[in-house]
Amino acid sequence: MITIESARVRFASTEGGAPMVALADVSLTIARGEFLCILGPSGCGKTTLLKAMMGLVPLDSGQIRIGSHAVTGPGADRAMVFQNYALLPWADVTANIAFGLELRGASREECARQAAHWIKAVGLGGFEHHLPRQLSGGMQQRVGLARALAVEPEILLMDEPFGAVDAQTRRLLQEDLLDLMQRSGKTVVFVTHSMEEAVLLGDRVALMSPRPGRVREVIEVGLTRPRTASVEREPRFTELKEYLWERLRAMRDEAADA
Amino acid sequence: MAWEGAALTSGSLLLPTVEATAWRLIELAGTGELWHALWVSNHAALLGFALAGAIGVPLGLAMGRWPSADWFFDPYLNVMLATPMPAAIPVVIMVAGLGLPARVLVVVLFALATIVFHARAGFRLVGWELLEMSSAFGASEWQLWRKVVLRGAAPGIWLGVRLGAIRAVSAMVTIELLLVAVGMGRLILDAQGSLDAAGLFASVMVIVAESVLLAHLFQRFEQDASQAAMGMAAE
Ligand SMILES: Nc1ncnc2c1ncn2[C@@H]1O[C@H](COP(=O)(O)OP(=O)(O)O)[C@@H](O)[C@H]1O
Ligand SMILES: [Mg+2]
């Protein structure tokens with residue numbers, strides 16, 4: 001279980017003015033094995049919250065706990081998938097996927113074995129020795145996902161992982177992710193700015209609003225699992241999407257009035 | 001070709017023919033005069049260049065990694081880079097004398113900033129995303145340097161080394177011509193003094209050739225590192 005208690009993060013502003021509040025008093029509990037989507041407009045602190053869970057961004061106050069341990073830095077129980085893939089441009093698919101294992105001191109054979117397994121699992125067979133530059137965005141993100149899964153984390157943190165790929169590729173990636181995660185029992189925190197994506201993938205959706213960044217509302221999705229993309233035809237899916245859109249629009253009007 | 005034409009038509013004493021230059025070159029090489037001069041000059045250049053590289057590459061990378069190091073060293077290096085070489089040489093000689101240490105010091109002063117700034121640019125090319133990703137996967141500082149920084153910064157490092165080598169040769173000749181007449185600088189001054197135009201041309205050509213050769217050598221390293229770091233290895 002992940003417990004976020006009154007998390008606050010401020011960044012020093014570049015102009016030397018008042019510090020900018022990226023996260024103001026965020027509290028959230030994420031159950032073991034849950035798939036939580038974080039939805040909100042750009043700049044509302046989604047990435048900051050995820051990086052705080054990863055232990056990459058320190059909190060100014062409050063606490064984040066995994067089980068009973070407070071997060072003070074990155075740890076083997078968590079792995080992250082990055083918005084811009086963050087692949088090593090000089091390393092081939094195999095080496096990129098094995099990077100986390102290599103850092104943990106896994107033997108060469110172990111790295112190769114695990115990489116081969118995950119290459120298959122994410123559907124990259126035949127591209128073992130391709131360099132990132134030779135892959136499409138969608139395939140690069142499959143490498144990013146495989147690299148994270150290869151270290152066998154309990155918690156997977158994903159930052160708008162499919163934000164930069166075209167609609168069809170995104171759809172395929174979503175379906176494959178559903179497939180991989182529903183069987184794994186892992187806890188997933190998935191940041192997105194797409195309402196459809198949040199409802200399709202999540203058990204719950206946490207809605208965030210900007211300036212200062214906070215969690216406004218947490219919504220139960222309540223669609224059955226295992227899920228496939230066909231849930232998009234269920235009335236509940238459309239209803240939720242409409243509701244999220246209303247809430248996001250209301251937040252925008254609030255911001256405009258302020 | 002243009003050179004030969006100009007020499008033949010002008011009949012100038014000061015513009016030797018290609019043939020005369022070539023003969024003079026062979027003569028200088030034969031007496032061992034050229035080799036001795038090259039050794040004396042390059043002794044200083046090599047020591048200075050090696051020192052500049054050994055300090056410059058780590059310093060530049062450290063300045064990329066730690067803003068406080070950058071803030072501290074950047075102003076000095078900027079002054080070093082901007083100072084015209086001939087103006088600084090007399091000062092160095094006042095401080096360090098006329099011997100080998102002084103010439104080495106001049107070479108260091110003129111090669112160092114270039115190497116540092118390019119290593120720093122190389123570090124920045126790696127990008128904070130990769131550093132952050134590595135930390136997220138639990139990389140120690142040592143692993144970060146070995147597995148990410150040195151790979152990603154290699155193109156910048158080699159470019160700095162290449163330009164640093166050219167500046168080292170240039171510094172070496174400048175000090176020899178201006179103040180301490182030894183090595184290749186001595187050869188050039190002697191040729192000039194005795195109106196030995198062919199000898200002058202031959203000496204200058206040797207220096208140009210050395211500089212070009214060095215630049216070319218490091219360019220190979222730089223291109224290889226660049227292609228590897230950008231993920232453009234040959235198929
Ligand atoms: N390292 C940083 N330094 C200064 N400001 C930052 C930094 N990271 C994020 N911010 C600011 O914090 C706010 C939240 O950013 P972020 O978490 O990236 O939002 P989101 O991912 O929801 O788009 C933004 O206004 C952003 O400009
Ligand atoms: Mg973001």
# chains A, B, ... in the order shown; residues from 1 in each chain; ligands from 1

$ closest_atom_pairs --of "chain A" --to "ligand 2" --cutoff "8 Å" --atoms "only C-alpha atoms and all ligand atoms" --output "CSV"
residue,atom,partner,partner_atom_place_in_ligand_line,distance
A:Ser42,CA,ligand 2,1 (Mg),6.6
A:Gly43,CA,ligand 2,1 (Mg),6.8
A:Gly45,CA,ligand 2,1 (Mg),7.0
A:Lys46,CA,ligand 2,1 (Mg),5.6
A:Thr47,CA,ligand 2,1 (Mg),4.2
A:Thr48,CA,ligand 2,1 (Mg),7.4
A:Gln83,CA,ligand 2,1 (Mg),7.4
A:Asp159,CA,ligand 2,1 (Mg),6.6
A:Glu160,CA,ligand 2,1 (Mg),6.9
A:Val191,CA,ligand 2,1 (Mg),7.9

$ write_last_selection --atoms "C-alpha atoms" --output "short mmCIF file (atom, residue, chain, number, x, y, z; two decimals), in the first residue's frame"
data_model
loop_
_atom_site.label_atom_id
_atom_site.label_comp_id
_atom_site.auth_asym_id
_atom_site.auth_seq_id
_atom_site.Cartn_x
_atom_site.Cartn_y
_atom_site.Cartn_z
CA SER A 42 -0.78 20.11 -17.87
CA GLY A 43 1.20 21.74 -15.06
CA GLY A 45 1.89 18.50 -10.63
CA LYS A 46 1.26 14.96 -11.94
CA THR A 47 4.88 14.35 -12.83
CA THR A 48 6.04 15.91 -9.58
CA GLN A 83 7.13 10.28 -20.68
CA ASP A 159 4.27 9.16 -16.50
CA GLU A 160 2.08 9.80 -19.53
CA VAL A 191 -0.39 9.55 -15.10
#

$ interface_residues --of "chain B" --to "chain A" --cutoff "6 Å" --atoms "only C-alpha atoms" --output "list in words"
Glu129, Leu130, Ala136, Phe137, Ala139, Ala228, Ala229, Met230 and Gly231 of chain B

$ select_by_dssp --residues "segment 44-222 of chain A" --states "strand (DSSP E or B)" --output "ChimeraX atom specification"
/A:61-66,69-70,78-81,155-159,187-192,204-209,214-220

$ residues_near_ligand --ligand "ligand 1" --cutoff "12 Å" --atoms "only C-alpha atoms and all ligand atoms" --output "ChimeraX atom specification"
/A:8-16,18-24,38-52,56-58,82-83,158-161,163,190-193,207-215 /B:128-129,132

$ residues_around --residues "segment 172-188 of chain A" --least-positions-apart "4" --cutoff "7 Å" --atoms "only C-alpha atoms" --output "ChimeraX atom specification"
/A:32-36,154-157,168,201,226,228-229

$ atom_distance --atom1 "atom CA of Ala112 of chain A" --atom2 "atom CA of Gly138 of chain B"
19.4 Å

$ closest_residue --among "B:Ala154, B:Ile166, B:Glu141, B:Leu195" --to "Ile207 of chain B" --atoms "only C-alpha atoms"
B:Ile166

$ residues_around --residues "Val205 of chain A" --least-positions-apart "6" --cutoff "8 Å" --atoms "only C-alpha atoms" --output "mmCIF file with N, CA, C and O atoms, in the first residue's frame"
data_model
loop_
_atom_site.group_PDB
_atom_site.id
_atom_site.type_symbol
_atom_site.label_atom_id
_atom_site.label_comp_id
_atom_site.auth_asym_id
_atom_site.auth_seq_id
_atom_site.Cartn_x
_atom_site.Cartn_y
_atom_site.Cartn_z
ATOM 1 N N LEU A 36 -4.150 2.858 -10.320
ATOM 2 C CA LEU A 36 -4.671 4.210 -10.109
ATOM 3 C C LEU A 36 -4.225 5.126 -11.233
ATOM 4 O O LEU A 36 -3.042 5.192 -11.553
ATOM 5 N N CYS A 37 -5.185 5.823 -11.832
ATOM 6 C CA CYS A 37 -4.824 6.809 -12.844
ATOM 7 C C CYS A 37 -4.865 8.197 -12.229
ATOM 8 O O CYS A 37 -5.769 8.508 -11.444
ATOM 9 N N ILE A 38 -3.883 9.012 -12.558
ATOM 10 C CA ILE A 38 -3.880 10.402 -12.126
ATOM 11 C C ILE A 38 -4.142 11.258 -13.360
ATOM 12 O O ILE A 38 -3.402 11.191 -14.339
ATOM 13 N N LEU A 39 -5.233 12.024 -13.289
ATOM 14 C CA LEU A 39 -5.670 12.794 -14.451
ATOM 15 C C LEU A 39 -5.687 14.268 -14.088
ATOM 16 O O LEU A 39 -6.121 14.648 -12.990
ATOM 17 N N ALA A 198 -7.747 7.154 -18.829
ATOM 18 C CA ALA A 198 -7.903 7.001 -17.373
ATOM 19 C C ALA A 198 -9.022 6.009 -17.054
ATOM 20 O O ALA A 198 -8.872 5.128 -16.208
ATOM 21 N N VAL A 199 -10.142 6.124 -17.764
ATOM 22 C CA VAL A 199 -11.281 5.261 -17.479
ATOM 23 C C VAL A 199 -11.038 3.841 -17.986
ATOM 24 O O VAL A 199 -11.400 2.856 -17.340
ATOM 25 N N VAL A 218 -11.390 11.714 -6.007
ATOM 26 C CA VAL A 218 -10.973 10.382 -6.463
ATOM 27 C C VAL A 218 -12.232 9.611 -6.853
ATOM 28 O O VAL A 218 -13.161 9.506 -6.053
ATOM 29 N N ILE A 219 -12.247 9.127 -8.083
ATOM 30 C CA ILE A 219 -13.459 8.504 -8.621
ATOM 31 C C ILE A 219 -13.257 7.003 -8.828
ATOM 32 O O ILE A 219 -12.242 6.589 -9.405
ATOM 33 N N GLU A 220 -14.229 6.197 -8.333
ATOM 34 C CA GLU A 220 -14.209 4.744 -8.588
ATOM 35 C C GLU A 220 -14.643 4.496 -10.015
ATOM 36 O O GLU A 220 -15.673 4.997 -10.445
ATOM 37 N N VAL A 221 -13.893 3.727 -10.753
ATOM 38 C CA VAL A 221 -14.285 3.443 -12.137
ATOM 39 C C VAL A 221 -15.362 2.346 -12.160
ATOM 40 O O VAL A 221 -16.382 2.470 -12.835
#
